[in-house]
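A.B. asks: Next up, my_file-v8.txt (compact mmCIF, C-alpha atoms).
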# COMPACT_ATOMS: atom_id res chain seq x y z
CA GLY B 359 -4.56 -6.95 17.78
CA ASP B 360 -2.70 -7.64 14.57
CA SER B 361 0.46 -5.65 14.02
CA VAL B 362 3.65 -5.48 11.97
CA THR B 363 6.97 -4.30 13.38
CA GLN B 364 9.74 -3.26 11.05
CA MET B 365 13.38 -2.48 11.63
CA GLU B 366 13.71 1.24 12.21
CA GLY B 367 15.47 3.27 9.60
CA PRO B 368 16.94 5.02 7.94
CA VAL B 369 19.35 2.44 6.57
CA THR B 370 22.33 3.64 4.55
CA LEU B 371 24.48 1.18 2.60
CA SER B 372 27.18 1.30 -0.03
CA GLU B 373 26.52 -0.20 -3.44
CA GLU B 374 26.96 -4.01 -3.55
CA ALA B 375 26.46 -4.34 0.22
CA PHE B 376 24.18 -7.00 1.72
CA LEU B 377 20.75 -5.83 2.84
CA THR B 378 18.53 -7.13 5.61
CA ILE B 379 15.37 -5.37 6.75
CA ASN B 380 13.73 -7.14 9.67
CA CYS B 381 9.98 -7.60 9.89
CA THR B 382 7.97 -9.43 12.54
CA TYR B 383 4.23 -9.69 12.92
CA THR B 384 1.49 -10.64 15.33
CA ALA B 385 -1.66 -12.17 13.94
CA THR B 386 -4.24 -14.83 14.61
CA GLY B 387 -4.13 -17.65 12.13
CA TYR B 388 -1.90 -17.64 9.10
CA PRO B 389 -1.80 -14.32 7.29
CA SER B 390 -0.38 -13.61 3.86
CA LEU B 391 2.80 -11.54 4.05
CA PHE B 392 4.02 -8.86 1.67
CA TRP B 393 6.84 -6.47 0.98
CA TYR B 394 5.95 -3.29 -0.88
CA VAL B 395 8.44 -0.72 -2.16
CA GLN B 396 7.81 2.99 -2.64
CA TYR B 397 10.25 4.95 -4.78
CA PRO B 398 10.42 8.72 -4.27
CA GLY B 399 7.28 10.47 -5.51
CA GLU B 400 5.55 7.23 -6.48
CA GLY B 401 2.89 4.82 -5.24
CA LEU B 402 3.47 1.44 -3.66
CA GLN B 403 4.69 -1.45 -5.79
CA LEU B 404 4.32 -5.05 -4.74
CA LEU B 405 7.85 -6.40 -4.38
CA LEU B 406 7.15 -9.96 -3.22
CA LYS B 407 4.73 -12.02 -1.19
CA ALA B 408 4.29 -15.34 0.62
CA THR B 409 1.02 -16.95 1.55
CA LYS B 410 2.00 -19.87 3.79
CA ALA B 411 4.70 -21.00 6.18
CA ASP B 412 8.13 -21.69 4.65
CA ASP B 413 7.16 -20.03 1.35
CA LYS B 414 9.92 -17.88 -0.10
CA GLY B 415 8.93 -14.82 -2.08
CA SER B 416 11.50 -13.41 -4.50
CA ASN B 417 11.72 -10.63 -7.07
CA LYS B 418 14.47 -8.43 -8.54
CA GLY B 419 17.10 -10.11 -6.36
CA PHE B 420 15.11 -9.55 -3.15
CA GLU B 421 13.99 -12.51 -1.07
CA ALA B 422 11.93 -13.10 2.07
CA THR B 423 10.91 -16.36 3.76
CA TYR B 424 7.69 -16.80 5.76
CA ARG B 425 8.85 -18.09 9.16
CA LYS B 426 5.86 -19.15 11.24
CA GLU B 427 7.94 -20.24 14.24
CA THR B 428 9.52 -16.79 14.61
CA THR B 429 6.58 -14.84 13.06
CA SER B 430 9.04 -13.11 10.77
CA PHE B 431 9.38 -12.14 7.11
CA HIS B 432 12.79 -10.48 6.80
CA LEU B 433 13.73 -8.89 3.47
CA GLU B 434 17.19 -9.65 2.05
CA LYS B 435 19.22 -8.77 -1.00
CA GLY B 436 22.75 -9.93 -1.65
CA SER B 437 24.03 -6.86 -3.48
CA VAL B 438 22.12 -3.59 -3.42
CA GLN B 439 22.22 -0.95 -6.13
CA VAL B 440 21.73 2.81 -6.01
CA SER B 441 18.40 2.25 -7.77
CA ASP B 442 17.16 0.25 -4.74
CA SER B 443 16.98 3.46 -2.71
CA ALA B 444 13.36 3.66 -1.59
CA VAL B 445 11.03 3.08 1.36
CA TYR B 446 10.19 -0.56 2.05
CA PHE B 447 6.96 -1.56 3.79
CA CYS B 448 6.27 -4.95 5.31
CA ALA B 449 2.56 -5.85 5.49
CA HIS B 450 0.27 -8.68 6.46
CA LEU B 451 -3.25 -9.63 5.51
CA PRO B 452 -5.16 -12.09 7.71
CA PHE B 453 -6.99 -14.85 5.92
CA THR B 454 -10.50 -13.78 6.84
CA SER B 455 -13.10 -11.97 4.81
CA GLY B 456 -13.14 -8.25 5.43
CA SER B 457 -9.60 -8.20 6.78
CA ARG B 458 -7.38 -5.16 6.46
CA LEU B 459 -3.86 -4.93 5.10
CA THR B 460 -1.69 -3.94 8.07
CA PHE B 461 1.56 -2.11 7.29
CA GLY B 462 4.74 -1.65 9.25
CA GLU B 463 6.06 1.87 9.65
CA GLY B 464 8.37 1.59 6.66
CA THR B 465 12.16 1.55 6.36
CA GLN B 466 13.96 4.18 4.32
CA LEU B 467 16.90 2.67 2.42
CA THR B 468 19.59 4.85 0.85
CA VAL B 469 22.29 3.21 -1.26
CA ASN B 470 25.36 5.30 -2.00
CA PRO B 471 27.62 4.72 -5.03
CA ASP W 1380 -0.89 -6.59 -16.48
CA THR W 1381 -1.27 -5.34 -12.91
CA GLU W 1382 -1.83 -1.66 -13.56
CA VAL W 1383 -3.96 0.69 -11.57
CA THR W 1384 -4.11 4.22 -12.97
CA GLN W 1385 -4.94 7.41 -11.08
CA THR W 1386 -5.69 10.93 -12.25
CA PRO W 1387 -4.73 13.62 -11.71
CA LYS W 1388 -1.16 13.08 -10.58
CA HIS W 1389 -1.16 16.37 -8.66
CA LEU W 1390 -4.05 18.49 -7.40
CA VAL W 1391 -4.06 21.83 -5.61
CA MET W 1392 -7.38 23.04 -4.23
CA GLY W 1393 -8.76 25.66 -1.92
CA MET W 1394 -10.87 24.81 1.09
CA THR W 1395 -14.07 25.83 -0.68
CA ASN W 1396 -13.44 23.89 -3.89
CA LYS W 1397 -15.04 20.66 -5.05
CA LYS W 1398 -12.80 18.24 -6.89
CA SER W 1399 -12.65 14.53 -7.69
CA LEU W 1400 -9.93 11.92 -7.84
CA LYS W 1401 -10.24 9.09 -10.33
CA CYS W 1402 -8.94 5.53 -10.26
CA GLU W 1403 -9.22 2.86 -12.96
CA GLN W 1404 -8.24 -0.76 -13.33
CA HIS W 1405 -8.93 -3.11 -16.20
CA MET W 1406 -7.76 -6.33 -14.59
CA GLY W 1407 -11.24 -7.54 -13.67
CA HIS W 1408 -10.52 -7.01 -9.99
CA ARG W 1409 -13.59 -7.05 -7.73
CA ALA W 1410 -12.37 -5.01 -4.78
CA MET W 1411 -11.09 -1.43 -4.89
CA TYR W 1412 -9.63 0.68 -2.10
CA TRP W 1413 -8.81 4.26 -1.19
CA TYR W 1414 -5.87 4.96 1.11
CA LYS W 1415 -4.43 8.19 2.49
CA GLN W 1416 -0.68 8.46 3.04
CA LYS W 1417 1.04 11.24 4.94
CA ALA W 1418 4.75 11.88 4.53
CA LYS W 1419 7.00 9.23 6.02
CA LYS W 1420 4.03 7.12 7.16
CA PRO W 1421 2.38 3.93 5.89
CA PRO W 1422 -0.91 4.19 3.98
CA GLU W 1423 -4.11 4.39 6.03
CA LEU W 1424 -7.23 2.68 4.75
CA MET W 1425 -10.19 4.96 4.02
CA PHE W 1426 -12.76 2.99 2.00
CA VAL W 1427 -13.24 -0.42 0.43
CA TYR W 1428 -15.62 -1.33 -2.36
CA SER W 1429 -16.34 -4.99 -2.95
CA TYR W 1430 -18.36 -5.96 -6.02
CA GLU W 1431 -19.17 -2.26 -6.49
CA LYS W 1432 -20.71 -1.93 -3.02
CA LEU W 1433 -19.19 0.09 -0.19
CA SER W 1434 -18.04 -2.50 2.31
CA ILE W 1435 -15.73 -0.58 4.63
CA ASN W 1436 -15.71 3.07 5.67
CA GLU W 1437 -12.99 3.68 8.24
CA SER W 1438 -14.88 6.55 9.90
CA VAL W 1439 -13.73 8.97 7.23
CA PRO W 1440 -15.13 12.54 7.46
CA SER W 1441 -18.05 13.23 5.13
CA ARG W 1442 -16.03 15.79 3.18
CA PHE W 1443 -14.62 12.69 1.43
CA SER W 1444 -17.26 10.90 -0.63
CA PRO W 1445 -16.41 7.72 -2.54
CA GLU W 1446 -18.22 6.44 -5.59
CA CYS W 1447 -17.90 3.26 -7.63
CA PRO W 1448 -19.78 3.76 -10.92
CA ASN W 1449 -18.73 0.38 -12.29
CA SER W 1450 -16.36 -2.48 -11.58
CA SER W 1451 -13.39 -0.72 -13.22
CA LEU W 1452 -13.75 2.78 -11.87
CA LEU W 1453 -13.48 4.34 -8.43
CA ASN W 1454 -13.86 8.02 -7.64
CA LEU W 1455 -13.21 10.07 -4.54
CA HIS W 1456 -15.17 13.32 -4.37
CA LEU W 1457 -13.65 16.06 -2.27
CA HIS W 1458 -15.49 19.03 -0.78
CA ALA W 1459 -14.62 21.61 1.86
CA LEU W 1460 -11.29 19.99 2.69
CA GLN W 1461 -8.90 21.20 5.36
CA PRO W 1462 -5.15 21.82 4.99
CA GLU W 1463 -4.48 18.72 7.10
CA ASP W 1464 -6.09 16.65 4.34
CA SER W 1465 -3.05 17.35 2.17
CA ALA W 1466 -1.51 13.94 1.47
CA LEU W 1467 -0.87 11.29 -1.18
CA TYR W 1468 -4.11 9.48 -2.01
CA LEU W 1469 -3.59 5.95 -3.20
CA CYS W 1470 -6.01 3.68 -4.95
CA ALA W 1471 -5.60 -0.10 -4.91
CA SER W 1472 -7.43 -3.12 -6.27
CA SER W 1473 -7.45 -6.83 -5.57
CA PRO W 1474 -8.78 -9.75 -7.60
CA GLN W 1475 -11.25 -11.16 -5.10
CA GLY W 1476 -13.92 -9.31 -3.20
CA LEU W 1477 -13.39 -8.82 0.50
CA ALA W 1478 -11.25 -11.90 0.88
CA SER W 1479 -7.62 -12.11 1.78
CA ASP W 1480 -5.96 -11.18 -1.48
CA THR W 1481 -3.02 -9.27 -2.89
CA GLN W 1482 -3.61 -5.54 -3.33
CA TYR W 1483 -2.10 -3.67 -6.28
CA PHE W 1484 -1.58 0.05 -5.88
CA GLY W 1485 -1.74 2.95 -8.29
CA PRO W 1486 0.82 5.78 -8.47
CA GLY W 1487 -1.28 8.08 -6.30
CA THR W 1488 -2.61 11.64 -6.46
CA ARG W 1489 -0.61 14.22 -4.52
CA LEU W 1490 -3.22 16.56 -3.01
CA THR W 1491 -2.44 19.97 -1.57
CA VAL W 1492 -5.20 21.91 0.21
CA LEU W 1493 -4.53 25.62 0.59
Could I get this structure in the form of structure tokens?

C.D. replies:
Amino acid sequence: GDSVTQMEGPVTLSEEAFLTINCTYTATGYPSLFWYVQYPGEGLQLLLKATKADDKGSNKGFEATYRKETTSFHLEKGSVQVSDSAVYFCAHLPFTSGSRLTFGEGTQLTVNP
Amino acid sequence: DTEVTQTPKHLVMGMTNKKSLKCEQHMGHRAMYWYKQKAKKPPELMFVYSYEKLSINESVPSRFSPECPNSSLLNLHLHALQPEDSALYLCASSPQGLASDTQYFGPGTRLTVL
């Protein structure tokens, strides 16, 4: 069945470090891919998305590229800030009616000053 | 504007109480969702309404009863809950009906069942 596998956390970085959170998926067809972020005590916010192969989603300095050949959608940021501390969820949504949004397990990121 | 609002923000209830959670969106979205999220876990889908009709029920116990009075409003009625139902309840909406489409989440209601 469809699934999303995320890099296990927690991840702890110093401010201004480079961030990569790995995400791979299994799916039939060509799903849409998403990164959501959840700050402490809040709901999920859409961070970025990509709907077809080679698309690059970007927002707030974060980027992820839809790689069909490796079935991956890794999240990157060149210089993290303390305010980026949150849980990051990778998700995919197959392109069929009635499909469900499938989440990875989430990666806790802590950025220290 | 991609805002989904949820009330209340926090709710504490006893096992014999009846309460309701409310979700609103004014983006003209045609699908609305309820999710349950336990600590340190991803959200789990509970219900989906598409064009105001219940389209998906993920085998949720009957003590949870969804309602979609109109295209902007989604309720979740709670009755005779158990302590293990304590969780963050998230509402989401998406522009299309049950098609592959981006979901936008609300801030959630933190529910505690005593």

A.B. asks: For CA of Gly1393 in chain W and CA of His1456 in chain W, determine how far apart the two atoms are, in Å to one decimal place.

C.D. replies: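 Computing it gives 14.1 Å between the two atoms.
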
A.B. asks: Once you count only C-alpha atoms, which residues of chain B turn out to be within 7 Å of chain W? Could you give them as a PyMOL selection string?

C.D. replies: chain B and resi 400-404+451-457+461-464

A.B. asks: Next, dump the selected residues to file, keeping only C-alpha atoms, as a PDB file, in the coordinates of the input.

C.D. replies:
ATOM      1  CA  GLU B 400       5.550   7.230  -6.480  1.00  0.00           C
ATOM      2  CA  GLY B 401       2.890   4.820  -5.240  1.00  0.00           C
ATOM      3  CA  LEU B 402       3.470   1.440  -3.660  1.00  0.00           C
ATOM      4  CA  GLN B 403       4.690  -1.450  -5.790  1.00  0.00           C
ATOM      5  CA  LEU B 404       4.320  -5.050  -4.740  1.00  0.00           C
ATOM      6  CA  LEU B 451      -3.250  -9.630   5.510  1.00  0.00           C
ATOM      7  CA  PRO B 452      -5.160 -12.090   7.710  1.00  0.00           C
ATOM      8  CA  PHE B 453      -6.990 -14.850   5.920  1.00  0.00           C
ATOM      9  CA  THR B 454     -10.500 -13.780   6.840  1.00  0.00           C
ATOM     10  CA  SER B 455     -13.100 -11.970   4.810  1.00  0.00           C
ATOM     11  CA  GLY B 456     -13.140  -8.250   5.430  1.00  0.00           C
ATOM     12  CA  SER B 457      -9.600  -8.200   6.780  1.00  0.00           C
ATOM     13  CA  PHE B 461       1.560  -2.110   7.290  1.00  0.00           C
ATOM     14  CA  GLY B 462       4.740  -1.650   9.250  1.00  0.00           C
ATOM     15  CA  GLU B 463       6.060   1.870   9.650  1.00  0.00           C
ATOM     16  CA  GLY B 464       8.370   1.590   6.660  1.00  0.00           C
TER      17      GLY B 464
END

A.B. asks: I'd like the neighbourhood of Pro1474 in chain W as a PyMOL selection string, where a residue qualifies if any of its atoms comes within 7 Å (using all atoms listed in the file), though same-chain residues fewer than 2 positions away should be ignored.

C.D. replies: chain W and resi 1407-1410+1472+1476+1480

A.B. asks: Expressed in Å to a single decimal, how great is the separation between CA of Asn1454 in chain W and CA of Arg458 in chain B?

C.D. replies: 20.4 Å

A.B. asks: As a list in words, please: the residues near Ala1459 in chain W (cut-off 9 Å, only C-alpha atoms, same-chain neighbours under 4 positions excluded).

C.D. replies: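 Here the answer would be Gly1393, Met1394, Thr1395, Asn1396, Lys1397, Arg1442 and Phe1443 of chain W.
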
A.B. asks: Here is a test: counting only C-alpha atoms, which residue of B:Phe447, B:Tyr388, B:Phe420, B:Phe431 is nearest to Glu366 in chain B?

C.D. replies: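 Nearest candidate to Glu366 in chain B out of B:Phe447, B:Tyr388, B:Phe420, B:Phe431: B:Phe447.
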
A.B. asks: In Å, rounded to a single decimal, give me how far CA of Gln1385 in chain W is from CA of Ser1441 in chain W.

C.D. replies: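 Distance between the two atoms: 21.6 Å.
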
A.B. asks: Near Ser416 in chain B, within 12 Å and counting only C-alpha atoms, which residues show up once chain neighbours fewer than 2 positions away are dropped, as a list in words?

C.D. replies: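 Surrounding residues, per the criterion: Phe392, Trp393, Leu404, Leu405, Leu406, Lys407, Ala408, Asp413, Lys414, Lys418, Gly419, Phe420, Glu421, Ala422, Thr423, Tyr424, Phe431, His432, Leu433, Glu434 and Lys435 of chain B.
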
A.B. asks: Kindly export the residues of the current selection with C-alpha atoms, as a compact mmCIF listing (two decimals), in the coordinates of the input.

C.D. replies:
# COMPACT_ATOMS: atom_id res chain seq x y z
CA PHE B 392 4.02 -8.86 1.67
CA TRP B 393 6.84 -6.47 0.98
CA LEU B 404 4.32 -5.05 -4.74
CA LEU B 405 7.85 -6.40 -4.38
CA LEU B 406 7.15 -9.96 -3.22
CA LYS B 407 4.73 -12.02 -1.19
CA ALA B 408 4.29 -15.34 0.62
CA ASP B 413 7.16 -20.03 1.35
CA LYS B 414 9.92 -17.88 -0.10
CA LYS B 418 14.47 -8.43 -8.54
CA GLY B 419 17.10 -10.11 -6.36
CA PHE B 420 15.11 -9.55 -3.15
CA GLU B 421 13.99 -12.51 -1.07
CA ALA B 422 11.93 -13.10 2.07
CA THR B 423 10.91 -16.36 3.76
CA TYR B 424 7.69 -16.80 5.76
CA PHE B 431 9.38 -12.14 7.11
CA HIS B 432 12.79 -10.48 6.80
CA LEU B 433 13.73 -8.89 3.47
CA GLU B 434 17.19 -9.65 2.05
CA LYS B 435 19.22 -8.77 -1.00

A.B. asks: Which residue gives the smallest distance to Cys448 in chain B among B:Thr468, B:Thr378, B:Thr363, B:Gln396, with all atoms listed in the file counted?

C.D. replies: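 Once distances to Cys448 in chain B are computed over all atoms listed in the file, the minimum belongs to B:Thr363.
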
A.B. asks: Excluding Met1425 in chain W and any residue of its chain fewer than 2 positions from it, enumerate the residues within 7 Å of it, using all atoms listed in the file, and give them as a ChimeraX atom specification.

C.D. replies: /W:1413-1415,1423,1436-1437,1439

A.B. asks: Name all residues at most 10 Å from Tyr383 in chain B (count all atoms listed in the file; drop same-chain ones fewer than 5 positions away) and give them as a ChimeraX atom specification.

C.D. replies: /B:360-364,389,391,426,428-431,448-450,460-462

A.B. asks: From the list W:His1389, W:Lys1417, W:His1405, W:Lys1398, which residue is nearest Ala1466 in chain W when using only C-alpha atoms?

C.D. replies: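 For Ala1466 in chain W, the nearest of the candidates is W:Lys1417.
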
A.B. asks: Using all atoms listed in the file, find the one residue out of W:Leu1390, W:Ser1399, W:Ser1473, W:Glu1382 that sits nearest to His1458 in chain W.

C.D. replies: W:Ser1399
